[in-house]
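Student: Contents of protein03.csv (CSV, C-alpha atoms) are given next:
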chain,number,residue,atom,x,y,z
A,162,MET,CA,12.6,-12.5,-0.7
A,163,GLY,CA,14.8,-9.5,0.0
A,164,ALA,CA,13.2,-6.5,1.7
A,165,PHE,CA,14.0,-3.3,3.4
A,166,CYS,CA,12.3,-0.2,4.8
A,167,ARG,CA,12.4,2.7,2.3
A,168,ASP,CA,12.4,5.2,5.2
A,169,CYS,CA,15.0,3.9,7.6
A,170,LEU,CA,16.7,1.3,5.3
A,171,ALA,CA,16.5,-1.4,8.0
A,172,ASP,CA,16.1,-5.0,6.8
A,173,ALA,CA,12.4,-5.9,6.8
A,174,ALA,CA,10.7,-9.2,7.7
A,175,SER,CA,7.5,-10.5,6.3
A,176,GLY,CA,5.1,-8.2,8.2
A,177,PRO,CA,3.3,-5.2,6.7
A,178,ARG,CA,5.4,-2.6,8.6
A,179,CYS,CA,9.0,-2.0,9.4
A,180,ALA,CA,9.9,-3.4,12.8
A,181,ALA,CA,12.4,-0.6,13.4
A,182,CYS,CA,10.4,2.5,12.6
A,183,GLY,CA,6.9,1.3,11.9
A,184,SER,CA,6.8,2.6,8.3
A,185,PRO,CA,4.5,0.7,5.9
A,186,ARG,CA,6.8,1.7,3.0
A,187,LEU,CA,8.6,-1.5,2.5
A,188,ALA,CA,10.5,-2.5,-0.7
A,189,ARG,CA,10.3,-6.2,-1.5
A,190,HIS,CA,11.3,-8.2,-4.6
A,191,PRO,CA,13.0,-11.5,-5.2
A,192,GLU,CA,15.7,-9.8,-7.4
A,193,ILE,CA,16.1,-6.7,-5.2
A,194,ASP,CA,19.8,-7.2,-4.7
A,195,THR,CA,20.6,-7.6,-8.4
A,196,LEU,CA,18.6,-4.8,-10.1
A,197,THR,CA,20.8,-1.8,-10.8
A,198,VAL,CA,19.3,0.2,-13.7
A,199,ALA,CA,16.9,3.0,-12.6
A,200,HIS,CA,14.6,5.6,-14.0
A,201,VAL,CA,14.1,8.5,-11.7
A,202,ASP,CA,11.1,10.9,-12.4
A,203,CYS,CA,10.3,14.0,-10.4
A,204,ASP,CA,6.6,14.0,-9.5
A,205,ALA,CA,4.6,16.8,-11.2
A,206,PHE,CA,7.9,18.7,-11.1
A,207,TYR,CA,6.9,22.3,-11.8
A,208,ALA,CA,3.7,22.1,-9.8
A,209,THR,CA,5.5,20.5,-6.8
A,210,ILE,CA,8.1,23.2,-6.8
A,211,GLU,CA,5.4,25.9,-6.8
A,212,LYS,CA,3.5,24.2,-3.9
A,213,ARG,CA,6.8,23.9,-2.0
A,214,ASP,CA,7.3,27.6,-2.3
A,215,ASP,CA,3.7,28.6,-1.5
A,216,PRO,CA,2.2,26.3,1.2
A,217,SER,CA,-1.1,28.2,0.9
A,218,ILE,CA,-1.8,26.3,-2.4
A,219,ALA,CA,-0.6,22.9,-1.2
A,220,ASP,CA,-4.1,21.4,-1.0
A,221,LYS,CA,-5.5,23.1,-4.1
A,222,PRO,CA,-5.6,22.0,-7.7
A,223,LEU,CA,-2.7,23.7,-9.5
A,224,ILE,CA,-1.9,24.1,-13.2
A,225,VAL,CA,1.4,25.4,-14.4
A,226,GLY,CA,0.8,27.0,-17.8
A,227,GLY,CA,-0.4,30.2,-19.3
A,228,GLY,CA,-3.1,32.0,-21.2
A,229,THR,CA,-6.2,30.6,-22.8
A,230,ARG,CA,-4.5,29.4,-26.0
A,231,GLY,CA,-1.4,28.0,-24.4
A,232,VAL,CA,-1.0,24.4,-23.1
A,233,VAL,CA,-0.6,22.9,-19.7
A,234,SER,CA,3.1,22.5,-18.7
A,235,THR,CA,2.4,20.5,-15.6
A,236,ALA,CA,-0.7,19.7,-13.5
A,237,CYS,CA,-0.5,18.7,-9.9
A,238,TYR,CA,-2.1,15.3,-8.9
A,239,ILE,CA,-5.2,17.0,-7.5
A,240,ALA,CA,-5.8,18.7,-10.9
A,241,ARG,CA,-5.2,15.4,-12.6
A,242,THR,CA,-8.2,13.9,-10.9
A,243,TYR,CA,-10.3,16.4,-12.9
A,244,GLY,CA,-8.8,15.0,-16.1
A,245,VAL,CA,-6.2,17.7,-16.6
A,246,HIS,CA,-2.8,16.6,-18.1
A,247,SER,CA,0.3,17.9,-19.6
A,248,ALA,CA,0.1,19.4,-23.1
A,249,MET,CA,-3.7,19.8,-22.8
A,250,PRO,CA,-4.9,23.2,-24.2
A,251,MET,CA,-5.3,25.7,-21.3
A,252,PHE,CA,-8.9,26.5,-22.3
A,253,LYS,CA,-9.9,22.9,-21.9
A,254,ALA,CA,-8.0,22.5,-18.6
A,255,ARG,CA,-9.7,25.5,-17.2
A,256,ARG,CA,-13.1,24.1,-18.2
A,257,LEU,CA,-12.4,20.8,-16.6
A,258,CYS,CA,-11.0,22.4,-13.4
A,259,PRO,CA,-12.4,25.9,-13.1
A,260,ASP,CA,-11.2,26.3,-9.5
A,261,ALA,CA,-7.6,25.5,-10.3
A,262,VAL,CA,-4.8,27.9,-9.3
A,263,VAL,CA,-2.9,28.8,-12.5
A,264,ILE,CA,0.8,29.8,-12.4
A,265,LYS,CA,3.0,30.8,-15.3
A,266,PRO,CA,6.2,28.7,-15.6
A,267,ASN,CA,9.3,30.1,-13.9
A,268,MET,CA,12.0,28.2,-15.9
A,269,ALA,CA,14.9,29.7,-14.1
A,270,LYS,CA,13.6,28.3,-10.8
A,271,TYR,CA,12.8,24.9,-12.2
A,272,VAL,CA,16.3,24.6,-13.9
A,273,ALA,CA,18.0,25.5,-10.6
A,274,VAL,CA,16.1,22.7,-8.7
A,275,ALA,CA,16.8,20.3,-11.6
A,276,ARG,CA,20.5,21.0,-11.2
A,277,GLN,CA,20.3,20.2,-7.4
A,278,VAL,CA,18.6,16.9,-8.2
A,279,ARG,CA,21.1,16.0,-10.9
A,280,GLU,CA,24.0,16.7,-8.6
A,281,ARG,CA,22.5,14.3,-6.0
A,282,MET,CA,22.2,11.7,-8.8
A,283,ARG,CA,25.8,12.0,-9.7
A,284,GLU,CA,26.7,11.4,-6.1
A,285,LEU,CA,25.3,7.9,-6.5
A,286,THR,CA,26.9,7.1,-9.9
A,287,PRO,CA,28.7,8.8,-12.8
A,288,LEU,CA,26.3,7.0,-15.2
A,289,VAL,CA,23.5,9.5,-15.2
A,290,GLU,CA,21.6,10.0,-18.5
A,291,PRO,CA,19.2,12.9,-18.5
A,292,VAL,CA,16.0,12.4,-20.4
A,293,SER,CA,14.5,15.8,-19.7
A,294,ILE,CA,14.6,18.5,-17.0
A,295,ASP,CA,12.8,16.2,-14.5
A,296,GLU,CA,13.9,12.7,-15.3
A,297,ALA,CA,17.0,10.6,-15.9
A,298,PHE,CA,18.3,7.0,-16.2
A,299,LEU,CA,20.9,5.8,-13.7
A,300,ASP,CA,23.1,2.8,-13.8
A,301,LEU,CA,24.3,1.8,-10.3
A,302,THR,CA,26.1,-1.4,-11.3
A,303,GLY,CA,29.2,-1.8,-9.2
A,304,THR,CA,28.4,0.9,-6.7
A,305,GLU,CA,27.5,-1.5,-3.8
A,306,ARG,CA,31.0,-1.5,-2.3
A,307,LEU,CA,31.3,2.3,-2.7
A,308,HIS,CA,28.1,3.1,-0.8
A,309,GLY,CA,28.0,0.1,1.5
A,310,ARG,CA,24.5,-0.8,0.3
A,311,THR,CA,22.6,-2.2,-2.7
A,312,ALA,CA,21.5,-0.1,-5.6
A,313,ALA,CA,17.9,-0.3,-4.3
A,314,GLN,CA,18.8,0.9,-0.8
A,315,SER,CA,21.0,3.8,-2.3
A,316,LEU,CA,18.0,4.9,-4.4
A,317,ALA,CA,15.6,4.8,-1.5
A,318,ARG,CA,18.0,6.9,0.6
A,319,PHE,CA,18.4,9.3,-2.4
A,320,ALA,CA,14.6,9.7,-2.7
A,321,SER,CA,14.3,10.5,1.0
A,322,SER,CA,17.1,13.1,0.9
A,323,ILE,CA,15.5,14.8,-2.1
A,324,GLU,CA,12.2,15.1,-0.3
A,325,ARG,CA,13.8,16.2,3.0
A,326,GLU,CA,16.4,18.6,1.7
A,327,ILE,CA,15.0,19.9,-1.6
A,328,GLY,CA,11.3,19.7,-0.8
A,329,ILE,CA,10.1,17.7,-3.9
A,330,THR,CA,9.3,14.1,-4.4
A,331,VAL,CA,10.5,11.5,-7.0
A,332,SER,CA,9.3,8.2,-8.2
A,333,ILE,CA,11.8,5.5,-9.0
A,334,GLY,CA,11.6,2.5,-11.3
A,335,LEU,CA,14.3,-0.2,-10.8
A,336,SER,CA,15.0,-3.0,-13.2
A,337,TYR,CA,17.8,-4.6,-15.2
A,338,ASN,CA,17.4,-2.4,-18.3
A,339,LYS,CA,16.2,1.0,-19.3
A,340,PHE,CA,12.9,-0.1,-20.9
A,341,LEU,CA,11.6,-1.9,-17.8
A,342,ALA,CA,13.0,0.8,-15.4
A,343,LYS,CA,11.0,3.5,-17.3
A,344,ILE,CA,7.8,1.4,-17.1
A,345,ALA,CA,8.3,0.7,-13.4
A,346,SER,CA,8.7,4.3,-12.5
A,347,ASP,CA,5.1,4.9,-13.7
A,348,LEU,CA,3.6,2.1,-11.6
A,349,ASP,CA,3.5,3.7,-8.2
A,350,LYS,CA,3.3,7.5,-8.5
A,351,PRO,CA,3.8,9.8,-6.6
A,352,ARG,CA,6.6,8.9,-4.2
A,353,GLY,CA,6.8,5.6,-5.9
A,354,PHE,CA,9.4,2.8,-5.7
A,355,ALA,CA,8.6,-0.1,-8.1
A,356,MET,CA,10.8,-3.0,-9.4
A,357,LEU,CA,10.5,-5.2,-12.4
A,358,GLY,CA,12.7,-8.3,-12.5
A,359,ARG,CA,14.0,-10.5,-15.2
A,360,ALA,CA,11.9,-13.5,-14.4
A,361,GLU,CA,8.6,-11.6,-14.3
A,362,ALA,CA,9.1,-9.3,-17.2
A,363,PRO,CA,7.4,-11.3,-20.1
A,364,THR,CA,4.4,-12.1,-18.0
A,365,PHE,CA,4.0,-8.6,-16.7
A,366,LEU,CA,4.2,-7.1,-20.2
A,367,ALA,CA,1.9,-9.6,-21.9
A,368,ASP,CA,-1.5,-7.9,-21.3
A,369,LYS,CA,-0.2,-4.4,-21.9
A,370,PRO,CA,-1.0,-2.5,-25.1
A,371,ILE,CA,1.7,-2.1,-27.7
A,372,SER,CA,1.7,1.6,-27.1
A,373,ILE,CA,3.7,0.9,-23.9
A,374,ILE,CA,6.7,0.5,-26.1
A,375,PHE,CA,8.5,3.7,-26.7
A,376,GLY,CA,8.3,5.0,-30.3
A,377,VAL,CA,5.0,3.3,-31.0
A,378,GLY,CA,2.6,6.2,-31.6
A,379,LYS,CA,-0.9,6.3,-32.9
A,380,VAL,CA,0.0,5.7,-36.5
A,381,SER,CA,2.2,2.8,-35.7
A,382,GLN,CA,-0.5,1.3,-33.5
A,383,GLU,CA,-3.1,1.4,-36.3
A,384,ARG,CA,-0.6,-0.2,-38.7
A,385,LEU,CA,0.2,-3.0,-36.3
A,386,ALA,CA,-3.4,-3.5,-35.4
A,387,ARG,CA,-4.1,-4.2,-39.1
A,388,ASP,CA,-1.6,-7.1,-38.8
A,389,GLY,CA,-3.4,-8.3,-35.6
A,390,LEU,CA,-0.8,-6.9,-33.2
A,391,ARG,CA,-2.6,-5.0,-30.4
A,392,THR,CA,-1.0,-6.3,-27.2
A,393,ILE,CA,2.5,-7.2,-26.1
A,394,ALA,CA,1.3,-10.8,-25.9
A,395,ASP,CA,0.5,-10.7,-29.7
A,396,ILE,CA,4.1,-9.8,-30.4
A,397,GLN,CA,5.4,-12.4,-28.0
A,398,LYS,CA,3.6,-15.1,-29.9
A,399,CYS,CA,5.3,-14.1,-33.1
A,400,ASP,CA,8.6,-15.5,-34.4
A,401,GLU,CA,11.3,-12.8,-34.4
A,402,VAL,CA,12.5,-13.6,-37.9
A,403,GLU,CA,8.9,-13.4,-39.2
A,404,LEU,CA,8.5,-10.0,-37.5
A,405,MET,CA,11.7,-8.8,-39.1
A,406,ARG,CA,10.5,-10.0,-42.5
A,407,ARG,CA,7.3,-8.1,-42.1
A,408,LEU,CA,8.5,-5.0,-40.3
A,409,GLY,CA,12.3,-4.9,-40.9
A,410,ALA,CA,14.5,-3.7,-38.0
A,411,GLU,CA,11.4,-2.4,-36.2
A,412,GLY,CA,10.2,-6.0,-36.0
A,413,GLN,CA,13.3,-7.1,-34.2
A,414,ARG,CA,13.1,-4.1,-31.8
A,415,LEU,CA,9.5,-4.9,-31.0
A,416,SER,CA,10.2,-8.6,-30.6
A,417,ARG,CA,12.9,-8.1,-28.1
A,418,LEU,CA,11.3,-5.3,-26.0
A,419,ALA,CA,8.1,-7.4,-25.8
A,420,ARG,CA,10.2,-10.0,-24.0
A,421,GLY,CA,11.9,-7.5,-21.7
A,422,ILE,CA,15.2,-7.4,-23.7
A,423,ASP,CA,16.8,-4.0,-24.0
A,424,HIS,CA,20.6,-3.7,-24.6
A,425,ARG,CA,20.8,0.1,-24.6
A,426,LYS,CA,23.4,1.4,-22.2
A,427,VAL,CA,22.9,4.3,-19.8
A,428,VAL,CA,24.9,7.1,-21.5
A,429,PRO,CA,26.0,9.9,-19.2
A,430,ASP,CA,25.3,13.5,-20.1
A,431,ARG,CA,23.6,12.7,-23.4
A,432,ASP,CA,24.1,15.8,-25.6
A,433,ALA,CA,21.0,17.8,-26.4
A,434,LYS,CA,20.7,19.1,-30.0
A,435,SER,CA,19.1,22.4,-29.1
A,436,VAL,CA,17.7,24.6,-26.3
A,437,SER,CA,14.5,26.5,-27.1
A,438,ALA,CA,11.4,28.2,-25.7
A,439,GLU,CA,8.1,29.2,-27.2
A,440,THR,CA,4.7,30.6,-26.3
A,441,THR,CA,1.2,30.7,-27.8
A,442,PHE,CA,-0.6,34.0,-27.6
A,443,ASP,CA,-4.2,34.4,-26.2
A,444,THR,CA,-5.0,36.3,-29.4
A,445,ASP,CA,-3.2,36.4,-32.7
A,446,VAL,CA,-0.5,39.1,-32.9
A,447,ALA,CA,0.7,41.0,-36.0
A,448,ALA,CA,2.4,44.1,-34.5
A,449,PHE,CA,6.1,44.1,-34.1
A,450,ARG,CA,6.3,45.6,-30.6
A,451,PRO,CA,4.4,42.9,-28.7
A,452,LEU,CA,6.2,40.2,-30.6
A,453,GLU,CA,9.5,41.8,-29.8
A,454,LYS,CA,8.7,42.0,-26.1
A,455,THR,CA,7.7,38.3,-26.0
A,456,LEU,CA,10.9,37.4,-27.9
A,457,TRP,CA,13.0,39.1,-25.2
A,458,ASP,CA,11.3,37.0,-22.5
A,459,LEU,CA,11.8,33.8,-24.4
A,460,SER,CA,15.5,34.7,-25.1
A,461,GLU,CA,16.0,35.1,-21.3
A,462,ARG,CA,14.5,31.7,-20.8
A,463,VAL,CA,16.7,30.0,-23.4
A,464,SER,CA,19.7,31.8,-21.9
A,465,ALA,CA,18.9,30.5,-18.4
A,466,ARG,CA,18.6,27.0,-19.7
A,467,LEU,CA,21.9,27.2,-21.6
A,468,LYS,CA,23.7,28.4,-18.5
A,469,ALA,CA,22.1,25.8,-16.2
A,470,SER,CA,23.1,23.0,-18.7
A,471,GLY,CA,26.6,24.2,-19.1
A,472,VAL,CA,26.4,24.6,-22.8
A,473,SER,CA,26.4,27.4,-25.4
A,474,GLY,CA,25.2,27.5,-29.0
A,475,SER,CA,26.2,29.2,-32.3
A,476,THR,CA,23.0,29.0,-34.3
A,477,VAL,CA,19.8,31.0,-33.4
A,478,THR,CA,16.5,29.9,-34.9
A,479,LEU,CA,13.3,31.9,-34.8
A,480,LYS,CA,10.0,30.0,-35.0
A,481,LEU,CA,6.6,31.6,-35.9
A,482,LYS,CA,3.2,30.0,-36.4
A,483,THR,CA,0.6,31.9,-38.3
A,484,ALA,CA,-3.1,32.2,-37.5
A,485,ASP,CA,-3.8,29.4,-40.1
A,486,PHE,CA,-1.2,27.1,-38.4
A,487,GLN,CA,1.6,27.5,-41.0
A,488,THR,CA,5.0,27.3,-39.4
A,489,ARG,CA,7.9,29.6,-40.4
A,490,THR,CA,11.5,29.0,-39.2
A,491,ARG,CA,14.4,31.3,-39.8
A,492,ALA,CA,18.0,30.7,-38.7
A,493,ARG,CA,21.2,32.6,-38.5
A,494,SER,CA,24.7,31.5,-37.4
A,495,LEU,CA,26.7,33.6,-34.9
A,496,GLY,CA,30.4,34.4,-35.1
A,497,ASN,CA,31.0,32.4,-31.9
A,498,PRO,CA,28.8,30.5,-29.4
A,499,THR,CA,26.8,32.3,-26.8
A,500,GLN,CA,24.8,31.9,-23.6
A,501,LEU,CA,23.7,35.6,-23.4
A,502,ALA,CA,20.1,36.5,-23.6
A,503,ARG,CA,21.0,39.8,-25.3
A,504,ARG,CA,22.9,38.2,-28.2
A,505,ILE,CA,20.1,35.6,-28.7
A,506,PHE,CA,17.5,38.3,-28.7
A,507,ASP,CA,19.4,40.6,-31.0
A,508,CYS,CA,19.8,37.9,-33.6
A,509,GLY,CA,16.2,36.8,-33.2
A,510,ARG,CA,14.9,40.4,-33.5
A,511,GLU,CA,16.7,40.8,-36.8
A,512,LEU,CA,15.0,37.7,-38.1
A,513,LEU,CA,11.7,38.8,-36.7
A,514,GLU,CA,11.8,42.2,-38.4
A,515,LYS,CA,11.8,40.6,-41.8
A,516,GLU,CA,8.7,38.6,-41.1
A,517,ILE,CA,6.5,41.6,-40.1
A,518,ASP,CA,4.2,42.0,-43.1
A,519,GLY,CA,0.8,42.2,-41.6
A,520,THR,CA,0.6,38.4,-41.0
A,521,LYS,CA,-1.0,37.5,-37.7
A,522,PHE,CA,0.9,35.0,-35.5
A,523,ARG,CA,-0.4,32.7,-32.8
A,524,LEU,CA,3.0,31.4,-31.6
A,525,ILE,CA,6.6,32.6,-31.4
A,526,GLY,CA,9.6,30.7,-30.3
A,527,ILE,CA,13.4,31.1,-30.2
A,528,GLY,CA,16.1,28.4,-30.0
A,529,VAL,CA,19.8,27.9,-30.0
A,530,SER,CA,21.5,24.9,-31.6
A,531,ASN,CA,25.0,23.7,-32.7
A,532,LEU,CA,25.7,23.3,-29.0
A,533,GLN,CA,29.2,23.5,-27.5
A,534,THR,CA,30.8,23.8,-24.0
A,535,ALA,CA,30.1,26.8,-21.8
A,536,GLU,CA,33.8,27.6,-21.9
A,537,ALA,CA,33.5,28.4,-25.6
A,538,ALA,CA,30.8,31.0,-25.0
A,539,ASP,CA,31.1,34.8,-25.6
A,540,PRO,CA,34.9,35.3,-25.7
A,541,ASP,CA,36.2,38.8,-25.2
A,542,ASP,CA,37.6,40.3,-28.4
A,543,LEU,CA,38.5,43.7,-29.8
A,544,LEU,CA,34.9,44.1,-31.1
A,545,ASN,CA,33.1,42.9,-27.9
A,546,GLN,CA,35.1,43.8,-24.8
A,547,GLY,CA,32.1,43.8,-22.6
A,548,ALA,CA,30.9,40.3,-23.3
A,549,ARG,CA,32.3,38.7,-20.2
A,550,LYS,CA,31.0,41.5,-18.0
A,551,ALA,CA,27.6,41.0,-19.6
A,552,ALA,CA,27.7,37.3,-19.0
A,553,THR,CA,28.6,37.8,-15.3
A,554,SER,CA,25.7,40.3,-15.0
A,555,GLU,CA,23.2,37.9,-16.5
A,556,ARG,CA,24.3,35.0,-14.3
A,557,ALA,CA,23.7,37.2,-11.2
A,558,VAL,CA,20.2,38.0,-12.4
A,559,ASP,CA,19.5,34.3,-13.0
A,560,ALA,CA,20.6,33.5,-9.5
A,561,LEU,CA,18.3,36.1,-8.0
A,562,ARG,CA,15.4,34.9,-10.0
A,563,ALA,CA,16.0,31.3,-9.1
A,564,LYS,CA,15.9,32.3,-5.4
A,565,TYR,CA,13.2,35.0,-5.3
A,566,GLY,CA,11.1,34.3,-8.5
A,567,ARG,CA,11.1,35.6,-12.0
A,568,ASP,CA,9.6,38.9,-11.1
A,569,ALA,CA,12.2,39.7,-8.5
A,570,ILE,CA,14.3,41.6,-11.1
A,571,LYS,CA,13.5,42.8,-14.6
A,572,ARG,CA,15.8,44.1,-17.3
A,573,GLY,CA,15.9,45.2,-20.9
A,574,LEU,CA,12.7,45.4,-22.8
A,575,ALA,CA,10.7,44.2,-19.7
A,576,LEU,CA,11.1,47.7,-18.3
A,577,ASP,CA,10.4,49.5,-21.5
A,578,ASP,CA,6.8,50.1,-22.4
A,579,GLY,CA,7.6,52.7,-24.9
A,580,GLY,CA,7.2,52.5,-28.7
Please express what this file holds, its structure, as structure tokens.
Tutor:
Amino acid sequence: MGAFCRDCLADAASGPRCAACGSPRLARHPEIDTLTVAHVDCDAFYATIEKRDDPSIADKPLIVGGGTRGVVSTACYIARTYGVHSAMPMFKARRLCPDAVVIKPNMAKYVAVARQVRERMRELTPLVEPVSIDEAFLDLTGTERLHGRTAAQSLARFASSIEREIGITVSIGLSYNKFLAKIASDLDKPRGFAMLGRAEAPTFLADKPISIIFGVGKVSQERLARDGLRTIADIQKCDEVELMRRLGAEGQRLSRLARGIDHRKVVPDRDAKSVSAETTFDTDVAAFRPLEKTLWDLSERVSARLKASGVSGSTVTLKLKTADFQTRTRARSLGNPTQLARRIFDCGRELLEKEIDGTKFRLIGIGVSNLQTAEAADPDDLLNQGARKAATSERAVDALRAKYGRDAIKRGLALDDGG
């Protein structure tokens, strides 16, 4: 069985520790030299960055989120022992973990770190498919000669460099396809390195619930359970043609994934459809001014994400949710794509003005879609000579915030408390 030390990359024998450096972190698997598809997931990403930047909270439960009616963006692993998890309402998280440190998200900082990690991924392989800000699939097939080591060794070296040089940790799942790589990355968090091979896949999957398959939500689980399908083993026992007769194309997908078969390719730089940000208020808001100020903050966040992702967009969408949970969306197309917070805000503000009728809102959001390249953004023209200067100014502000924090510099409505 192939094995190596995850810390020094030396070949490992059968003992519990590396003979070269004494580390117990050994990677062993009978297919270790042939597995090349990976899922890399940053551990408790937002929380880990905040702890990196403030060592005084390193050993404390930390929740990244905001308000009492908002939701948890990320909980550190200490907070998770109290039952706190992402997307949980903040009031419930605070009740479960009353001693937790709570920090509002700093998206400019998180995006900057994500770009650093993404750049390191692309040093391993051009086949990097981002899934979200803190996770991606990588295909390292054929990179052995380039790096002088197997895909597994390259990934272990990558994980060590991320921890040493960027100050966060990642967990890695390695397999022969995306489905199994994603499952493997959840097996050994944090700082994990897990592998699932071709020979073991069907047996490993058999006792898992059907919900382990992506796209199978609560409604699908209930529907499948009525047909006697609750575990992966139940699907494995079924004939694929019979599943297709009962479930159509979904039957074939379930049948193949249950056996560890996934032919999806790692597609580099998968295009996002939109970039957005939203917030839930602690108390319902009907007045224009506080909604406007929040809209400015959200516009800056969206702008920072567009710039970090190297894209621009030409449609701005305002989202509002009323006190009785009714959702309103209003959209407007721009003359040309933008990355600028001011243009996003100005458009959103005009849409917002038309919705102020005494209705109380619990949530407001702003998004940009119809994405294009950054090069297409905010061209100078006779009607807007200062656009490029404004773009340069905004990028300078984003850089300062990424380095010193969101409160290091404020602009626009954030400085104006007038009427």
Student: Extract, using all atoms listed in the file, all DNA, RNA and protein residues at most 10 Å from Leu341 in chain A, discarding same-chain residues fewer than 6 positions from it, and format them as a PyMOL selection string.
Tutor: chain A and resi 198-200+334-335+356-359+362+366+374+418+421-423
Student: Please compute the CA of Ala557 in chain A-CA of Gly526 in chain A distance, one decimal, in Å.
Tutor: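 So the answer is 24.6 Å.
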Student: Please identify every residue of range 424-488 of chain A that has at least one atom no farther than 10 Å from an atom of range 295-304 of chain A, counting all atoms listed in the file, and for each give the shortest atom pair and the distance in Å to one decimal, arranged by chain then increasing number, as JSON lines.
Tutor:
{"residue": "A:Lys426", "atom": "CA", "partner": "A:Asp300", "partner_atom": "CA", "distance": 8.5}
{"residue": "A:Val427", "atom": "CA", "partner": "A:Asp300", "partner_atom": "CA", "distance": 6.2}
{"residue": "A:Val428", "atom": "CA", "partner": "A:Phe298", "partner_atom": "CA", "distance": 8.5}
{"residue": "A:Pro429", "atom": "CA", "partner": "A:Leu299", "partner_atom": "CA", "distance": 8.5}
{"residue": "A:Asp430", "atom": "CA", "partner": "A:Ala297", "partner_atom": "CA", "distance": 9.7}
Student: State, in Å with one decimal place, the distance from CA of His308 in chain A to CA of Arg325 in chain A.
Tutor: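 That distance, rounded to one decimal, is 19.8 Å.
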Student: Between CA of Arg462 in chain A and CA of Ala438 in chain A, measure the distance and give it in Å to one decimal.
Tutor: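 These two atoms are separated by 6.8 Å.
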Student: Which residue is closest to His190 in chain A? Choose from A:Leu495, A:Ala173, A:Ala240, A:Val289 and count all atoms listed in the file.
Tutor: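 Nearest to His190 in chain A: A:Ala173.
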Student: Would you please work out which residue, of A:Tyr243, A:Tyr271, A:Phe375, A:Phe365, is nearest to Ala208 in chain A when using only C-alpha atoms?
Tutor: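 Smallest distance to Ala208 in chain A is found for A:Tyr271.
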Student: Sort by chain and increasing residue number a table of all residues of range 432-472 of chain A within 10 Å of range 509-512 of chain A, each with its closest pair of atoms and their distance in Å to one decimal, counting all atoms listed in the file, and write it as CSV.
Tutor:
residue,atom,partner,partner_atom,distance
A:Phe449,CA,A:Arg510,CA,9.6
A:Leu452,CA,A:Arg510,CA,9.2
A:Glu453,CA,A:Arg510,CA,6.7
A:Lys454,CA,A:Arg510,CA,9.8
A:Leu456,CA,A:Arg510,CA,7.5
A:Trp457,CA,A:Arg510,CA,8.6
A:Ser460,CA,A:Gly509,CA,8.4
